[in-house]
$ cat data.txt   # compact mmCIF, C-alpha atoms
# COMPACT_ATOMS: atom_id res chain seq x y z
CA MET A 1 101.76 81.81 104.10
CA HIS A 2 99.79 84.99 103.53
CA GLU A 3 99.69 83.98 99.88
CA MET A 4 96.38 82.31 100.70
CA SER A 5 94.92 85.65 101.80
CA ILE A 6 96.36 87.30 98.70
CA ALA A 7 94.89 84.62 96.44
CA MET A 8 91.50 85.07 98.08
CA ALA A 9 91.67 88.81 97.52
CA VAL A 10 92.53 88.27 93.85
CA VAL A 11 89.62 85.91 93.31
CA GLU A 12 87.23 88.20 95.15
CA GLN A 13 88.24 91.21 93.11
CA VAL A 14 88.02 89.36 89.81
CA GLU A 15 84.58 88.07 90.74
CA GLU A 16 83.45 91.58 91.60
CA SER A 17 84.83 92.94 88.37
CA ALA A 18 82.36 90.83 86.46
CA GLY A 19 79.56 93.00 87.83
CA PRO A 20 76.05 91.91 88.64
CA ALA A 21 75.38 90.88 85.05
CA GLY A 22 78.16 88.34 85.17
CA ALA A 23 80.68 87.78 82.48
CA GLY A 24 82.37 85.00 80.61
CA ALA A 25 84.43 82.37 82.37
CA VAL A 26 87.81 83.54 83.49
CA GLU A 27 90.64 81.90 81.60
CA ALA A 28 93.54 83.78 83.07
CA VAL A 29 94.38 86.42 85.61
CA HIS A 30 97.46 88.53 85.06
CA LEU A 31 99.25 89.74 88.12
CA GLU A 32 102.21 92.00 88.62
CA VAL A 33 104.32 90.99 91.60
CA GLY A 34 107.14 93.27 92.65
CA GLU A 35 110.37 91.79 93.91
CA LEU A 36 109.83 93.62 97.18
CA ALA A 37 106.16 92.77 97.59
CA GLY A 38 106.96 89.95 99.96
CA VAL A 39 105.01 87.41 97.94
CA VAL A 40 106.32 84.11 96.59
CA PRO A 41 104.81 83.55 93.12
CA GLU A 42 104.98 79.74 93.40
CA ALA A 43 103.15 79.76 96.71
CA LEU A 44 100.63 82.17 95.29
CA ALA A 45 99.98 79.98 92.24
CA PHE A 46 99.41 77.01 94.52
CA CYS A 47 96.93 78.92 96.68
CA PHE A 48 95.23 80.47 93.67
CA GLU A 49 94.36 77.07 92.29
CA LEU A 50 92.83 76.02 95.60
CA VAL A 51 90.86 79.22 96.04
CA CYS A 52 89.50 79.16 92.49
CA ALA A 53 87.84 75.81 92.93
CA GLY A 54 84.09 76.16 92.81
CA THR A 55 84.14 79.75 91.62
CA ALA A 56 83.82 81.42 88.21
CA LEU A 57 87.60 81.24 88.12
CA GLU A 58 87.85 77.49 88.38
CA GLY A 59 90.67 76.29 86.18
CA ALA A 60 91.91 79.80 85.49
CA GLU A 61 95.58 80.32 84.97
CA LEU A 62 97.52 82.77 87.10
CA VAL A 63 100.07 84.60 85.01
CA THR A 64 102.51 86.45 87.22
CA GLU A 65 104.94 89.00 85.97
CA THR A 66 107.80 89.77 88.32
CA VAL A 67 108.66 93.45 88.51
CA PRO A 68 112.24 94.19 89.46
CA GLY A 69 112.88 96.80 92.11
CA ARG A 70 114.14 100.16 90.88
CA ALA A 71 114.90 103.29 92.83
CA ARG A 72 115.78 106.87 92.06
CA CYS A 73 117.71 109.24 94.25
CA GLY A 74 115.88 112.53 94.71
CA PRO A 75 118.90 114.77 95.24
CA CYS A 76 121.28 113.36 92.61
CA ALA A 77 118.83 111.74 90.19
CA ALA A 78 120.75 108.45 90.03
CA GLU A 79 118.55 105.51 89.10
CA TRP A 80 119.41 101.91 89.84
CA ALA A 81 118.19 98.34 90.09
CA VAL A 82 117.98 97.67 93.81
CA GLY A 83 118.61 93.92 93.64
CA MET A 84 117.68 91.39 96.30
CA PRO A 85 118.22 91.94 99.12
CA PRO A 86 117.62 95.50 98.06
CA ASP A 87 120.24 98.19 98.34
CA LEU A 88 118.34 101.42 98.81
CA LEU A 89 121.24 103.68 99.64
CA CYS A 90 122.09 105.78 96.62
CA PRO A 91 125.09 104.14 94.93
CA GLN A 92 126.16 107.49 93.49
CA CYS A 93 125.94 109.98 96.36
CA GLY A 94 125.29 107.71 99.35
CA GLY A 95 122.09 109.63 100.04
CA VAL A 96 119.21 108.18 102.02
CA ARG A 97 116.39 109.98 100.25
CA ALA A 98 115.67 107.73 97.32
CA GLU A 99 112.20 106.78 96.23
CA LEU A 100 111.06 103.49 94.85
CA LEU A 101 110.06 103.55 91.21
CA ALA A 102 109.03 99.92 91.03
CA GLY A 103 109.21 96.73 93.03
CA ARG A 104 106.28 96.67 95.43
CA GLU A 105 103.56 95.97 92.91
CA LEU A 106 100.89 93.52 93.84
CA ARG A 107 98.34 94.30 91.23
CA ILE A 108 95.88 92.58 88.99
CA THR A 109 96.61 94.00 85.58
CA ALA A 110 94.23 92.09 83.35
CA VAL A 111 91.70 89.32 83.23
CA ARG A 112 91.23 87.13 80.20
CA ARG A 113 87.69 85.90 79.78
CA ALA A 114 85.99 83.63 77.39
CA ASP A 115 83.71 85.96 75.51
CA GLY A 116 80.74 86.88 77.58
CA PRO A 117 78.55 89.85 78.34
CA ALA A 118 80.49 93.05 78.07
CA TYR A 119 80.88 95.24 81.06
CA ALA A 120 82.31 98.64 81.40
CA PRO A 121 84.77 100.06 81.72
CA ALA A 122 86.31 97.38 79.58
CA ASN A 123 89.55 97.83 77.89
CA GLN A 124 90.02 95.52 75.09
CA GLU A 125 93.17 94.01 73.87
CA GLY A 126 92.35 90.62 72.58
CA MET B 1 86.99 84.11 71.23
CA CYS B 2 88.21 85.70 74.34
CA ARG B 3 89.06 89.12 75.47
CA VAL B 4 91.43 90.66 77.92
CA VAL B 5 90.02 93.16 80.35
CA ASP B 6 92.40 95.67 81.76
CA LEU B 7 91.67 95.67 85.46
CA GLN B 8 94.49 97.47 87.28
CA GLN B 9 93.56 96.81 90.85
CA ALA B 10 95.85 96.64 93.81
CA VAL B 11 95.30 93.26 95.41
CA LEU B 12 95.54 94.69 98.90
CA ALA B 13 93.38 97.72 98.16
CA LYS B 14 90.65 96.47 100.46
CA ASN B 15 92.99 96.08 103.40
CA ASP B 16 94.52 99.46 102.68
CA ARG B 17 91.10 101.09 102.78
CA SER B 18 90.25 99.39 106.06
CA ALA B 19 93.60 100.55 107.41
CA GLN B 20 92.86 104.11 106.35
CA ASP B 21 89.50 104.01 108.07
CA LEU B 22 91.09 102.62 111.19
CA ARG B 23 93.83 105.26 111.19
CA ALA B 24 91.25 108.01 110.72
CA GLY B 25 89.00 106.56 113.42
CA LEU B 26 91.87 106.40 115.89
CA ALA B 27 93.00 109.90 115.01
CA ALA B 28 89.50 111.22 115.59
CA ARG B 29 89.69 110.02 119.17
CA GLY B 30 93.23 111.22 119.69
CA ALA B 31 94.94 107.87 119.45
CA ILE B 32 97.54 106.25 117.25
CA ALA B 33 98.47 102.62 116.74
CA VAL B 34 101.97 101.19 116.94
CA ASN B 35 102.50 97.96 115.00
CA LEU B 36 105.27 95.71 116.31
CA LEU B 37 106.75 93.13 113.96
CA SER B 38 109.34 90.52 114.79
CA SER B 39 110.27 86.87 114.65
CA PRO B 40 108.96 84.56 117.36
CA GLY B 41 111.13 84.78 120.44
CA SER B 42 112.69 88.13 119.71
CA GLY B 43 111.60 89.61 123.01
CA LYS B 44 108.65 91.61 121.73
CA THR B 45 106.47 90.78 124.70
CA ALA B 46 109.16 91.54 127.30
CA LEU B 47 109.88 94.90 125.68
CA LEU B 48 106.23 95.73 125.45
CA GLU B 49 105.57 94.73 129.04
CA SER B 50 108.25 97.14 130.15
CA GLU B 51 106.96 100.01 127.98
CA LEU B 52 103.39 99.48 129.13
CA THR B 53 104.50 99.53 132.74
CA ILE B 54 106.30 102.85 132.26
CA ALA B 55 103.28 104.26 130.50
CA ARG B 56 101.09 103.38 133.43
CA GLU B 57 103.61 104.87 135.87
CA ARG B 58 103.62 108.08 133.88
CA GLY B 59 99.87 108.13 133.58
CA VAL B 60 99.83 107.78 129.80
CA PRO B 61 96.66 105.96 128.73
CA VAL B 62 97.83 103.05 126.61
CA ALA B 63 96.37 99.72 125.60
CA ALA B 64 97.83 96.66 123.96
CA LEU B 65 96.50 94.02 121.65
CA THR B 66 98.57 90.91 121.16
CA ALA B 67 98.07 88.43 118.35
CA ASP B 68 99.16 84.84 118.44
CA LEU B 69 98.21 81.68 116.65
CA ALA B 70 97.25 80.13 119.97
CA THR B 71 97.48 80.54 123.77
CA GLU B 72 96.77 83.56 125.91
CA ASN B 73 100.19 83.57 127.54
CA ASP B 74 101.26 86.89 126.08
CA ALA B 75 98.16 88.69 127.23
CA THR B 76 98.67 87.28 130.70
CA ARG B 77 102.22 88.64 130.73
CA LEU B 78 101.25 92.04 129.35
CA ALA B 79 98.34 92.37 131.75
CA ARG B 80 100.85 92.45 134.61
CA SER B 81 101.59 96.01 133.55
CA GLY B 82 98.09 96.97 134.65
CA VAL B 83 96.96 98.47 131.35
CA PRO B 84 94.08 97.17 129.21
CA VAL B 85 95.24 94.18 127.18
CA LYS B 86 93.45 92.07 124.64
CA GLN B 87 94.53 88.74 123.25
CA VAL B 88 93.66 87.89 119.68
CA LEU B 89 93.92 84.30 118.57
CA THR B 90 94.32 84.08 114.83
CA ASP B 91 93.67 80.33 114.74
CA GLY B 92 96.67 79.72 112.59
CA LEU B 93 96.53 82.79 110.39
CA CYS B 94 100.03 84.17 110.06
CA HIS B 95 99.21 87.86 110.16
CA LEU B 96 96.65 90.42 111.28
CA GLU B 97 94.60 92.31 108.73
CA ALA B 98 93.17 95.77 109.25
CA SER B 99 89.51 94.71 109.24
CA MET B 100 90.21 92.00 111.82
CA LEU B 101 91.94 94.49 114.05
CA GLY B 102 89.06 96.92 113.64
CA ARG B 103 86.58 94.29 114.78
CA TYR B 104 88.63 93.54 117.88
CA LEU B 105 88.87 97.20 118.79
CA ASP B 106 85.16 97.80 118.50
CA GLY B 107 83.70 98.03 121.95
CA TRP B 108 86.98 97.18 123.64
CA LEU B 109 89.45 99.98 123.14
CA PRO B 110 89.01 102.32 126.10
CA GLU B 111 87.88 105.78 125.10
CA ALA B 112 90.81 107.67 126.61
CA THR B 113 93.49 105.55 124.92
CA GLU B 114 96.30 107.56 123.37
CA LEU B 115 98.57 104.77 122.25
CA LEU B 116 97.49 101.36 121.07
CA PHE B 117 100.34 98.87 120.82
CA VAL B 118 99.65 95.99 118.47
CA GLU B 119 101.91 93.02 118.93
CA ASN B 120 101.59 91.33 115.58
CA VAL B 121 101.92 87.59 115.06
CA GLY B 122 105.56 86.56 115.49
CA ASN B 123 106.52 86.43 111.84
CA LEU B 124 108.62 88.72 109.70
CA VAL B 125 107.14 87.82 106.34
CA CYS B 126 103.38 88.04 106.17
CA PRO B 127 102.58 90.91 108.55
CA ALA B 128 104.88 93.17 106.55
CA SER B 129 102.37 93.32 103.70
CA TYR B 130 99.44 94.46 105.81
CA ASP B 131 98.90 98.03 106.87
CA LEU B 132 96.99 97.94 110.16
CA GLY B 133 96.29 101.64 110.30
CA GLU B 134 99.35 102.21 112.42
CA SER B 135 101.19 105.50 112.58
CA LEU B 136 104.41 103.88 113.75
CA ARG B 137 105.65 100.55 112.48
CA VAL B 138 108.44 98.99 114.47
CA ALA B 139 110.58 96.03 113.40
CA LEU B 140 112.39 94.26 116.21
CA ALA B 141 115.34 91.90 116.20
CA ALA B 142 117.17 90.31 119.11
CA VAL B 143 120.96 90.29 119.11
CA THR B 144 120.76 86.50 118.97
CA GLU B 145 119.11 86.60 115.55
CA GLY B 146 122.21 87.56 113.62
CA GLU B 147 123.32 90.72 111.89
CA ASP B 148 121.85 89.76 108.55
CA LYS B 149 118.25 89.54 109.70
CA PRO B 150 117.34 92.83 107.95
CA LEU B 151 118.70 91.46 104.67
CA LYS B 152 116.82 88.21 105.02
CA TYR B 153 113.55 90.02 105.73
CA PRO B 154 113.92 93.20 103.72
CA THR B 155 110.22 94.01 103.53
CA ALA B 156 109.72 93.89 107.30
CA PHE B 157 112.78 95.99 108.05
CA GLY B 158 112.51 98.08 104.92
CA LEU B 159 109.04 99.34 105.77
CA ALA B 160 109.69 100.06 109.44
CA ASN B 161 109.54 103.60 110.78
CA LEU B 162 111.74 102.51 113.68
CA VAL B 163 114.01 99.51 114.34
CA VAL B 164 114.51 98.15 117.84
CA VAL B 165 117.25 95.75 118.90
CA THR B 166 116.37 93.65 121.93
CA LYS B 167 118.45 91.62 124.41
CA ALA B 168 121.33 94.05 123.96
CA ASP B 169 122.74 92.91 127.32
CA ILE B 170 123.95 89.66 125.79
CA ALA B 171 125.33 91.24 122.60
CA ALA B 172 128.94 90.52 123.54
CA ALA B 173 128.23 86.96 124.60
CA VAL B 174 126.63 86.13 121.27
CA GLU B 175 129.19 88.19 119.32
CA PHE B 176 126.59 90.50 117.89
CA ASP B 177 128.29 92.79 115.38
CA GLU B 178 126.40 96.02 115.90
CA ALA B 179 128.15 97.87 113.10
CA ALA B 180 127.27 95.15 110.60
CA PHE B 181 123.67 95.11 111.80
CA ARG B 182 123.41 98.86 111.44
CA ALA B 183 124.90 98.72 107.94
CA ASN B 184 122.40 96.05 106.93
CA VAL B 185 119.49 98.07 108.27
CA GLN B 186 120.72 101.16 106.46
CA ARG B 187 120.92 99.22 103.24
CA VAL B 188 117.25 98.24 103.22
CA ASN B 189 115.99 101.29 105.10
CA PRO B 190 118.37 104.23 104.83
CA GLY B 191 118.03 106.79 107.59
CA VAL B 192 115.84 104.77 109.97
CA GLU B 193 116.56 105.11 113.67
CA ILE B 194 117.78 102.05 115.58
CA LEU B 195 117.14 101.76 119.32
CA LEU B 196 119.14 99.36 121.47
CA THR B 197 117.23 97.90 124.36
CA SER B 198 117.47 95.30 127.06
CA ALA B 199 114.45 94.40 129.09
CA ARG B 200 116.78 92.76 131.61
CA THR B 201 119.13 95.68 132.32
CA GLY B 202 116.63 98.39 131.50
CA ARG B 203 118.74 99.81 128.70
CA GLY B 204 116.63 101.93 126.41
CA ARG B 205 113.69 101.59 128.78
CA GLY B 206 110.98 104.04 127.77
CA ASP B 207 112.55 104.91 124.43
CA LEU B 208 109.87 103.21 122.42
CA LEU B 209 107.16 104.89 124.47
CA ASP B 210 108.84 108.26 123.90
CA ARG B 211 109.03 107.70 120.16
CA ALA B 212 105.37 106.69 120.03
CA LEU B 213 104.29 109.72 122.03
CA ALA B 214 106.31 111.98 119.75
CA VAL B 215 104.50 110.57 116.73
CA ARG B 216 101.16 111.05 118.43
CA ALA B 217 102.12 114.65 119.15
CA GLY B 218 102.56 115.15 115.43
CA GLY B 219 106.33 114.86 115.33
CA PRO B 220 108.13 113.72 112.21
CA VAL B 221 108.02 110.03 111.33
CA HIS B 222 110.76 108.38 109.33
CA LEU B 223 109.44 107.55 105.89
CA PRO B 224 111.26 104.48 104.53
CA VAL B 225 112.54 104.49 100.97
CA MET B 226 110.51 101.37 100.33
CA ALA B 227 107.34 103.22 101.32
CA ARG B 228 108.33 106.31 99.40
CA GLN B 229 106.98 105.44 96.05
CA ALA B 230 107.22 107.57 93.02
CA ALA B 231 103.82 108.97 92.04
CA THR B 232 103.17 106.41 89.40
CA ASP B 233 99.90 105.23 90.78
CA GLY B 234 98.00 106.26 93.82
CA HIS B 235 96.67 102.90 94.76
CA THR B 236 99.52 100.53 95.19
CA HIS B 237 99.64 99.97 98.91
CA GLY B 238 101.09 101.03 102.15
CA THR B 239 101.44 104.66 101.31
CA GLY B 240 98.34 105.51 103.22
CA ASP B 241 97.77 108.96 101.83
CA ASP B 242 95.21 108.39 99.18
CA HIS B 243 92.23 109.26 101.23
CA SER B 244 90.10 110.91 98.67
CA HIS B 245 89.48 107.75 96.72
CA GLY B 246 89.18 105.34 99.54
CA HIS B 247 85.60 105.35 100.62
CA GLY B 248 82.08 104.66 99.74
CA HIS B 249 82.31 101.95 97.17
CA GLY B 250 81.79 98.30 97.53
CA HIS B 251 82.43 97.15 94.03
CA GLY B 252 85.43 97.20 91.91
CA HIS B 253 84.10 99.38 89.18
CA SER B 254 84.17 102.72 90.86
CA HIS B 255 86.48 105.66 90.68
CA GLY B 256 89.22 104.94 88.26
CA HIS B 257 91.84 103.18 90.27
CA GLY B 258 93.98 103.28 87.23
CA TYR B 259 91.56 102.29 84.55
CA SER B 260 93.00 103.34 81.29
CA HIS B 261 90.56 105.86 79.97
CA GLU B 262 92.45 106.59 76.86
CA HIS B 263 89.37 106.61 74.73
CA PRO B 264 87.27 109.75 74.69
CA HIS B 265 84.32 109.59 77.00
CA ASP B 266 81.74 110.29 74.36
CA GLN B 267 82.54 106.95 72.81
CA GLU B 268 81.85 105.03 75.93
CA HIS B 269 79.04 102.63 75.85
CA ASP B 270 77.06 100.84 78.50
CA HIS B 271 77.27 103.81 80.78
CA ASP B 272 73.79 104.92 81.48
CA HIS B 273 74.60 106.12 84.93
CA PRO B 274 76.02 109.52 85.64
CA HIS B 275 79.73 109.70 85.98
CA PRO B 276 80.50 111.81 88.96
CA HIS B 277 83.89 110.20 89.33
CA GLY B 278 84.81 109.72 85.75
CA HIS B 279 86.90 112.77 85.19
CA ALA B 280 89.00 112.76 88.22
CA HIS B 281 91.53 110.38 86.80
CA LEU B 282 95.07 111.37 86.49
CA PRO B 283 96.06 112.01 82.95
CA ALA B 284 97.65 108.92 81.52
CA GLY B 285 100.98 110.62 81.38
CA GLU B 286 101.10 111.07 85.12
CA ARG B 287 100.41 107.48 85.83
CA SER B 288 102.90 105.76 83.67

$ encode --input "data.txt" --output "structure tokens"
Amino acid sequence: MHEMSIAMAVVEQVEESAGPAGAGAVEAVHLEVGELAGVVPEALAFCFELVCAGTALEGAELVTETVPGRARCGPCAAEWAVGMPPDLLCPQCGGVRAELLAGRELRITAVRRADGPAYAPANQEG
Amino acid sequence: MCRVVDLQQAVLAKNDRSAQDLRAGLAARGAIAVNLLSSPGSGKTALLESELTIARERGVPVAALTADLATENDATRLARSGVPVKQVLTDGLCHLEASMLGRYLDGWLPEATELLFVENVGNLVCPASYDLGESLRVALAAVTEGEDKPLKYPTAFGLANLVVVTKADIAAAVEFDEAAFRANVQRVNPGVEILLTSARTGRGRGDLLDRALAVRAGGPVHLPVMARQAATDGHTHGTGDDHSHGHGHGHGHSHGHGYSHEHPHDQEHDHDHPHPHGHAHLPAGERS
């Protein structure tokens, strides 16, 4: 159940991102979770709700986007969806020297706030 | 009215930075850490006890830290080897984190130590996500656990630099299919070495110690596919090479961990501080 530690890290980082001046209430946190990140989104959502209580994130929604695992073989340039459990041997040449293109993400991508004091660097989409 | 702020932060960035610091601190004193991951009951402690004993016989300065939810039984067993041993009780936490480990090492780890073995909490899920500053990560499985263990716990086995099979002496009795196990390991971690050991018969005795010493001596370490990430962003986790960005900031606004600076800098507002870091970002094209 390390999802609790993960949820705490998410909340801590979002709180810090507001900066000393503070910012508007957090309505949603967007998170990318790779298939191979070893995190269960349902467990994380459960923990997130608990951890948010009493913070600026209270009531915030956790929006997780699952990122499928993809790999590319260095030598033969084949690219494939690794599946779960992952198959990381190159399906084309049988090589062992692939690299992972995606699938281990565990990243906060965006925070949606009720309008509040701006802080930089802010990238605006909505 | 609301707005979406693009944050782009690796959730485990803090742990990864602590792990980097730990790795660098150990390296500075000529030591490396070996992180051992397995299920409860896989024979981690028996294997470690044997390796520690050989180390002492050979005069290699080693130390071991063992983490459990409760009880000091493992430390008592490991201490029989005669090397410095520390028990960490996590009070229910399912994994060790780098900063916790660092605190336990402070003031305890003997100065001359060359190898620090860290027996992680018996659990193949949670510890896999946390870099502890190790230079060698080992995933263990007993022959009794079944050939498909690597497929059931792909992150633990997929991120290992070395795989160790324990209790090999009873492989036949429990109908352990070694070929199937090897195939499953290769699937999630192509090219990783697999050691077969038995603490009871002494098979493979000293192999783990040899591998660890080779890594400390600067020998090649298997880099798992799962840890070999394309250079899409330098801050994901577990890669452990992104030293230049890792230090000296306590707040999430510093040094462009992937902030999208697509707008020209002269249009930035609210920046009345100098921007020593602001131009070191990778061009957007290299990140995406």

$ atom_distance --input "data.txt" --atom1 "atom CA of Ile54 of chain B" --atom2 "atom CA of Glu178 of chain B"
26.8 Å

$ closest_atom_pairs --input "data.txt" --of "chain A" --to "chain B" --cutoff "7 Å" --atoms "all atoms listed in the file" --output "CSV"
residue,atom,partner,partner_atom,distance
A:Met1,CA,B:Cys94,CA,6.6
A:His2,CA,B:Cys126,CA,5.4
A:Ile6,CA,B:Val11,CA,6.9
A:Ala9,CA,B:Val11,CA,6.1
A:Val10,CA,B:Val11,CA,5.9
A:Gln13,CA,B:Gly252,CA,6.7
A:Glu16,CA,B:Gly252,CA,6.0
A:Ser17,CA,B:Gly252,CA,5.6
A:Leu36,CA,B:Thr155,CA,6.4
A:Gly38,CA,B:Thr155,CA,6.3
A:Pro85,CA,B:Leu151,CA,5.6
A:Pro86,CA,B:Val188,CA,5.9
A:Asp87,CA,B:Arg187,CA,5.1
A:Leu88,CA,B:Val188,CA,5.5
A:Leu89,CA,B:Arg187,CA,5.7
A:Val96,CA,B:Pro190,CA,4.9
A:Arg97,CA,B:Val225,CA,6.7
A:Ala98,CA,B:Val225,CA,5.8
A:Glu99,CA,B:Arg228,CA,5.0
A:Leu100,CA,B:Gln229,CA,4.7
A:Leu101,CA,B:Ala230,CA,5.2
A:Glu105,CA,B:Thr236,CA,6.5
A:Leu106,CA,B:Val11,CA,5.8
A:Arg107,CA,B:Ala10,CA,4.3
A:Ile108,CA,B:Gln9,CA,5.2
A:Thr109,CA,B:Gln8,CA,4.4
A:Ala110,CA,B:Asp6,CA,4.3
A:Val111,CA,B:Val5,CA,5.1
A:Arg112,CA,B:Val4,CA,4.2
A:Arg113,CA,B:Cys2,CA,5.5
A:Ala114,CA,B:Cys2,CA,4.3
A:Asp115,CA,B:Cys2,CA,4.7
A:Ala120,CA,B:Asp270,CA,6.4
A:Ala122,CA,B:Val5,CA,5.7
A:Asn123,CA,B:Asp6,CA,5.3
A:Gln124,CA,B:Val5,CA,5.8
A:Glu125,CA,B:Val4,CA,5.5
A:Gly126,CA,B:Arg3,CA,4.6

$ residues_around --input "data.txt" --residues "Glu175 of chain B" --least-positions-apart "6" --cutoff "10 Å" --atoms "all atoms listed in the file" --output "list of chain:residue names"
B:Val143, B:Thr144, B:Gly146, B:Glu147

$ residues_around --input "data.txt" --residues "Leu196 of chain B" --least-positions-apart "4" --cutoff "7 Å" --atoms "all atoms listed in the file" --output "list in words"
Val164, Val165, Thr166, Ala168 and Gly204 of chain B

$ atom_distance --input "data.txt" --atom1 "atom CA of Leu109 of chain B" --atom2 "atom CA of Ala141 of chain B"
28.0 Å

$ atom_distance --input "data.txt" --atom1 "atom CA of Ala28 of chain A" --atom2 "atom CA of Gly69 of chain A"
25.0 Å

$ build_atoms --input "data.txt" --residues "segment 33-48 of chain A" --atoms "N, CA and C atoms" --output "compact mmCIF listing (two decimals), keeping the file's coordinate frame"
# COMPACT_ATOMS: atom_id res chain seq x y z
N VAL A 33 103.80 91.19 90.25
CA VAL A 33 104.32 90.99 91.60
C VAL A 33 105.71 91.61 91.69
N GLY A 34 105.84 92.63 92.47
CA GLY A 34 107.14 93.27 92.65
C GLY A 34 108.07 92.39 93.46
N GLU A 35 109.34 92.53 93.17
CA GLU A 35 110.37 91.79 93.91
C GLU A 35 110.30 92.03 95.41
N LEU A 36 109.85 93.24 95.77
CA LEU A 36 109.83 93.62 97.18
C LEU A 36 108.44 93.53 97.78
N ALA A 37 107.54 92.85 97.09
CA ALA A 37 106.16 92.77 97.59
C ALA A 37 106.02 91.75 98.71
N GLY A 38 107.03 90.93 98.89
CA GLY A 38 106.96 89.95 99.96
C GLY A 38 106.03 88.79 99.63
N VAL A 39 105.90 88.50 98.35
CA VAL A 39 105.01 87.41 97.94
C VAL A 39 105.81 86.42 97.08
N VAL A 40 105.62 85.14 97.36
CA VAL A 40 106.32 84.11 96.59
C VAL A 40 105.38 83.62 95.48
N PRO A 41 105.72 83.90 94.22
CA PRO A 41 104.81 83.55 93.12
C PRO A 41 104.40 82.07 93.10
N GLU A 42 105.32 81.17 93.43
CA GLU A 42 104.98 79.74 93.40
C GLU A 42 103.92 79.43 94.46
N ALA A 43 104.12 79.99 95.64
CA ALA A 43 103.15 79.76 96.71
C ALA A 43 101.80 80.36 96.34
N LEU A 44 101.87 81.50 95.69
CA LEU A 44 100.63 82.17 95.29
C LEU A 44 99.88 81.34 94.25
N ALA A 45 100.61 80.78 93.29
CA ALA A 45 99.98 79.98 92.24
C ALA A 45 99.29 78.76 92.86
N PHE A 46 99.96 78.17 93.84
CA PHE A 46 99.41 77.01 94.52
C PHE A 46 98.10 77.38 95.23
N CYS A 47 98.13 78.47 95.94
CA CYS A 47 96.93 78.92 96.68
C CYS A 47 95.82 79.33 95.72
N PHE A 48 96.21 79.99 94.65
CA PHE A 48 95.23 80.47 93.67
C PHE A 48 94.40 79.31 93.14
